[in-house]
Structures are given as C-alpha cells and as structure tokens.
Amino acid sequence: MTGQSPLSALRSAAFTLIGLLSLAYAEQGFAQGQDTTPWNRDLQVIEVMLPGFYSNANQAYFDGRRKVDSPQPRQNLLIEAAGDGFDITLSAPDGTVMSNQRWSLAEDDHRRAVRMDISDADGTPLCPVWWTRDAAQFSANSDTECAESMNSPNALALGEQQFWWTQRGAKDAAVKLHRARQFTCYADIPGVGGGRDIPYARYDNLSLHDQGAETWFVDKDGRNLGLRLFNVDWPINNYDGYFTRDSLVIYVIEKLNDGSTKEHGYAFTMPEANRIGIKLKWLLASCFMISGKVDTPTM
C-alpha cells in the first residue's frame, strides 16, 4: 500500500487525540469519588458558626418577668477563633470572668460525630462533647460517666442565632444565649429634621451591641444620656389572643442625680433590621451596622 494521504493522516491524528482525551476524562471521572463523611462537613460548618459574642440578656429579662423559680443571671459568652481551636470566655455583665476554656474540634469516625475537646484555663482536660446535626441546628453531649464539673458543659446547642449551654452539674435550665450584632450610633441635640437650618450638637462614634447593651454620653448641659439596643425574642405573648412579634428596639435613657435611670422613649422595627432610629424632637438618634458613608447607593 502507498502512504496515507494528507487528509487520512489528519483524520487518524484527530481520532488518536480524541481517544487520549477520552482516557484523560475517564481517569478524572474515577478521581471524583472522594465523598467525605457527614461529620467531616459538619466540622467545617461548626467551626464557622461558633465564633461570636453572645448574651442571655433576653432570657434573664423574661425569667424575671415570668417570675421563674430559679432565674438565670445575665451572662456573656465570647468565642474567638485562635490557632487550631477556640478561646472561650464566659463572663458577667460587669466583665467578671466566670470561666475560661479552650475548645478544639476533630473528626471522630468511631462515634460518627465531631469531637470537641475542652480544657480549662490552666490546660486541665475537661469532659469532651460530641456534636451531631439536628433540624437546623447542631447539638453536643458529653459522656454520662464524666466527672461532675460546673466548668464543663454537659450539653450544647448551636443555631444561626442562638447558643444554649447547659453546665455539668447544673440543676437549672440551659443558659440561652443569643448571638449579638454590633452597632454604631450617633445622637443629635436638638433633633433637627425637615431641612430646617438649626444648629445642633452631634455625639457620635457610640458603640454597642443589640443584646441589651447601653452606650452613654454627656451633653453640653451636663446630662448623662444613653442609648440601649435590645433585639427582643419573645418567649411569651404580651396579651391573650395575640401573637407578639420579635422586634429590634432602641431606647433613649438618662442617668439621674439620685442614681436612678429614666426612660425617655423607645422605637422598634423588624428584628433583622441593620439600622434603627428614634426622633424625640429634642433628640434624634440613629444606630446602624453599616454607615451611610460607606454603604452602596441604591435607586
């Protein structure tokens, strides 16, 4: 036979290339079979969800309002990612530290769960807990044979907005903490509006979170004024036959000379709102998560 024509040679080369590409893609297809365990994925989600600042101000307020037998005191929880784990600080509202811990996560193929090792501030190991996924949340429990220790959580629950902590040996209900959002505020005195050209004093760079925190300033007349933000999560209705909806609330308050606190007024909006304001004529206040100086303009 004579040599191949140029057209035949081109066709032969094309078929060879197609065959090689088919083999390459087939090998890549076989390499796709890398499914992980559910707890491998759960670990990734938990380590992203855990960090934040939490407070049980909502629980403490409604425990008192409902006159429960053993009301929970206010507690704050700070979870900070650090290295290959998390630094945990549980404290009172005045900053008194109640517990310092170190948490670290690992896959546990034997338990088919995410293991979280816990150590005290001095590095002493405490009872570990195992995280598993529930409906729209994660829950963690320790072994029943663990020694009783108030510093070690017996059960935990983690959702998008809440973190519940039941301490080992505690006879009361879980500490029900809400994830806090940080806001910046300013107050104008008087509360000028409507385009009126009236002089006013602005008190700005006021910082607070939305779980019952307060921020204070002294006006030009020497009054000790403050703002409070509270993202209210109602566990009850405030009257029969009505569904009381959750709200983000802003309060204007004042510390009086006799040591008492006076509430001048409040306003409320949807709980997921990222800004809120109040106008009392003599004062205008605005709190926001994103300043209008940097927010993206919209139509």
# chains A, B, ... in the order shown; residues from 1 in each chain; ligands from 1

$ residues_around --residues "Pro199 of chain A" --least-positions-apart "3" --cutoff "10 Å" --atoms "only C-alpha atoms" --output "VMD selection string"
chain A and resid 188 to 192 196 202

$ residues_around --residues "Ser286 of chain A" --least-positions-apart "2" --cutoff "10 Å" --atoms "only C-alpha atoms" --output "PyMOL selection string"
chain A and resi 183-188+204+227+250+275-279+284+288

$ write_last_selection --atoms "N, CA and C atoms" --output "PDB file, in the first residue's frame"
ATOM      1  N   PHE A 183     -23.409  47.522  66.657  1.00  0.00           N
ATOM      2  CA  PHE A 183     -23.936  48.725  66.021  1.00  0.00           C
ATOM      3  C   PHE A 183     -23.094  49.941  66.409  1.00  0.00           C
ATOM      4  N   THR A 184     -23.128  50.955  65.565  1.00  0.00           N
ATOM      5  CA  THR A 184     -22.559  52.267  65.861  1.00  0.00           C
ATOM      6  C   THR A 184     -23.698  53.285  65.813  1.00  0.00           C
ATOM      7  N   CYS A 185     -23.679  54.238  66.747  1.00  0.00           N
ATOM      8  CA  CYS A 185     -24.778  55.192  66.853  1.00  0.00           C
ATOM      9  C   CYS A 185     -24.269  56.622  66.912  1.00  0.00           C
ATOM     10  N   TYR A 186     -25.191  57.564  66.638  1.00  0.00           N
ATOM     11  CA  TYR A 186     -24.965  58.969  66.944  1.00  0.00           C
ATOM     12  C   TYR A 186     -26.262  59.557  67.469  1.00  0.00           C
ATOM     13  N   ALA A 187     -26.132  60.657  68.211  1.00  0.00           N
ATOM     14  CA  ALA A 187     -27.293  61.373  68.728  1.00  0.00           C
ATOM     15  C   ALA A 187     -27.120  62.852  68.429  1.00  0.00           C
ATOM     16  N   ASP A 188     -28.178  63.485  67.920  1.00  0.00           N
ATOM     17  CA  ASP A 188     -28.191  64.916  67.655  1.00  0.00           C
ATOM     18  C   ASP A 188     -29.118  65.613  68.641  1.00  0.00           C
ATOM     19  N   ASP A 204     -21.226  61.320  68.430  1.00  0.00           N
ATOM     20  CA  ASP A 204     -21.147  60.155  67.554  1.00  0.00           C
ATOM     21  C   ASP A 204     -20.088  59.169  68.013  1.00  0.00           C
ATOM     22  N   LEU A 227     -28.136  55.414  75.077  1.00  0.00           N
ATOM     23  CA  LEU A 227     -28.947  54.628  74.150  1.00  0.00           C
ATOM     24  C   LEU A 227     -28.810  53.163  74.530  1.00  0.00           C
ATOM     25  N   ILE A 250     -34.880  50.361  70.171  1.00  0.00           N
ATOM     26  CA  ILE A 250     -33.921  51.373  70.615  1.00  0.00           C
ATOM     27  C   ILE A 250     -34.578  52.208  71.710  1.00  0.00           C
ATOM     28  N   ARG A 275     -30.438  48.768  60.814  1.00  0.00           N
ATOM     29  CA  ARG A 275     -30.383  50.153  61.292  1.00  0.00           C
ATOM     30  C   ARG A 275     -31.731  50.518  61.911  1.00  0.00           C
ATOM     31  N   ILE A 276     -31.692  51.464  62.846  1.00  0.00           N
ATOM     32  CA  ILE A 276     -32.897  51.883  63.547  1.00  0.00           C
ATOM     33  C   ILE A 276     -32.681  53.298  64.074  1.00  0.00           C
ATOM     34  N   GLY A 277     -33.744  54.079  64.142  1.00  0.00           N
ATOM     35  CA  GLY A 277     -33.625  55.440  64.645  1.00  0.00           C
ATOM     36  C   GLY A 277     -34.813  55.818  65.509  1.00  0.00           C
ATOM     37  N   ILE A 278     -34.674  56.939  66.211  1.00  0.00           N
ATOM     38  CA  ILE A 278     -35.744  57.460  67.057  1.00  0.00           C
ATOM     39  C   ILE A 278     -35.664  58.983  67.056  1.00  0.00           C
ATOM     40  N   LYS A 279     -36.818  59.642  67.004  1.00  0.00           N
ATOM     41  CA  LYS A 279     -36.881  61.105  66.991  1.00  0.00           C
ATOM     42  C   LYS A 279     -37.798  61.552  68.128  1.00  0.00           C
ATOM     43  N   LEU A 284     -32.494  63.350  68.377  1.00  0.00           N
ATOM     44  CA  LEU A 284     -32.597  62.370  67.301  1.00  0.00           C
ATOM     45  C   LEU A 284     -31.433  61.405  67.451  1.00  0.00           C
ATOM     46  N   PHE A 288     -26.712  51.931  63.471  1.00  0.00           N
ATOM     47  CA  PHE A 288     -26.590  51.203  62.209  1.00  0.00           C
ATOM     48  C   PHE A 288     -25.412  50.239  62.284  1.00  0.00           C
TER      49      PHE A 288
END

$ residues_around --residues "segment 120-134 of chain A" --least-positions-apart "3" --cutoff "8 Å" --atoms "only C-alpha atoms" --output "ChimeraX atom specification"
/A:39,42,99-102,113-117,137-143,146-147,151-155

$ write_last_selection --atoms "C-alpha atoms" --output "PDB file, in the first residue's frame"
ATOM      1  CA  TRP A  39     -19.214  14.727  60.293  1.00  0.00           C
ATOM      2  CA  ASP A  42     -20.341  19.221  59.969  1.00  0.00           C
ATOM      3  CA  SER A  99     -14.916  30.584  83.088  1.00  0.00           C
ATOM      4  CA  ASN A 100     -12.062  30.439  80.569  1.00  0.00           C
ATOM      5  CA  GLN A 101     -11.814  27.403  78.337  1.00  0.00           C
ATOM      6  CA  ARG A 102     -10.128  26.124  75.198  1.00  0.00           C
ATOM      7  CA  ALA A 113     -19.632  12.701  65.077  1.00  0.00           C
ATOM      8  CA  VAL A 114     -17.472  15.781  65.640  1.00  0.00           C
ATOM      9  CA  ARG A 115     -15.496  15.516  68.870  1.00  0.00           C
ATOM     10  CA  MET A 116     -14.812  18.727  70.772  1.00  0.00           C
ATOM     11  CA  ASP A 117     -12.044  18.527  73.353  1.00  0.00           C
ATOM     12  CA  GLN A 137     -29.029  23.234  64.474  1.00  0.00           C
ATOM     13  CA  PHE A 138     -26.159  21.241  65.953  1.00  0.00           C
ATOM     14  CA  SER A 139     -26.279  19.651  69.402  1.00  0.00           C
ATOM     15  CA  ALA A 140     -23.489  18.284  71.573  1.00  0.00           C
ATOM     16  CA  ASN A 141     -23.489  15.998  74.599  1.00  0.00           C
ATOM     17  CA  SER A 142     -20.827  14.588  76.899  1.00  0.00           C
ATOM     18  CA  ASP A 143     -20.444  11.080  78.274  1.00  0.00           C
ATOM     19  CA  CYS A 146     -17.747  12.230  83.086  1.00  0.00           C
ATOM     20  CA  ALA A 147     -16.985  13.701  86.493  1.00  0.00           C
ATOM     21  CA  ASN A 151     -16.860  24.383  84.346  1.00  0.00           C
ATOM     22  CA  SER A 152     -17.584  21.682  81.810  1.00  0.00           C
ATOM     23  CA  PRO A 153     -20.674  21.889  79.588  1.00  0.00           C
ATOM     24  CA  ASN A 154     -22.881  18.840  79.722  1.00  0.00           C
ATOM     25  CA  ALA A 155     -24.916  19.777  76.652  1.00  0.00           C
TER      26      ALA A 155
END

$ closest_residue --among "A:Lys293, A:Arg223, A:Arg181, A:Arg66" --to "Glu272 of chain A" --atoms "only C-alpha atoms"
A:Arg181

$ closest_residue --among "A:Pro93, A:Gly159, A:Ala174, A:Asp233" --to "Ser70 of chain A" --atoms "only C-alpha atoms"
A:Ala174

$ closest_residue --among "A:Glu80, A:Asp35, A:Asp63, A:Asp210" --to "Met289 of chain A" --atoms "only C-alpha atoms"
A:Asp210

$ atom_distance --atom1 "atom CA of Ala213 of chain A" --atom2 "atom CA of Ala82 of chain A"
25.7 Å

$ atom_distance --atom1 "atom CA of Ala92 of chain A" --atom2 "atom CA of Ser55 of chain A"
9.7 Å

$ select_by_dssp --residues "segment 4-195 of chain A" --states "alpha helix (DSSP H)" --output "PyMOL selection string"
chain A and resi 6-31+38-49+57-66

$ select_by_dssp --residues "segment 131-164 of chain A" --states "strand (DSSP E)" --output "compact mmCIF listing (two decimals) with C-alpha atoms, in the first residue's frame"
# COMPACT_ATOMS: atom_id res chain seq x y z
CA TRP A 131 -21.51 17.34 68.03
CA THR A 132 -24.21 15.94 65.74
CA ARG A 133 -26.56 17.65 63.31
CA ASP A 134 -30.25 18.14 64.10
CA GLN A 137 -29.03 23.23 64.47
CA PHE A 138 -26.16 21.24 65.95
CA SER A 139 -26.28 19.65 69.40
CA ALA A 140 -23.49 18.28 71.57
CA ASN A 141 -23.49 16.00 74.60
CA SER A 142 -20.83 14.59 76.90
CA PRO A 153 -20.67 21.89 79.59
CA ASN A 154 -22.88 18.84 79.72
CA ALA A 155 -24.92 19.78 76.65
CA LEU A 156 -24.70 22.46 73.97
CA ALA A 157 -26.95 23.56 71.13
CA LEU A 158 -25.81 25.81 68.27
CA GLN A 162 -28.60 31.15 69.45
CA PHE A 163 -26.18 29.13 71.55
CA TRP A 164 -27.56 27.15 74.52
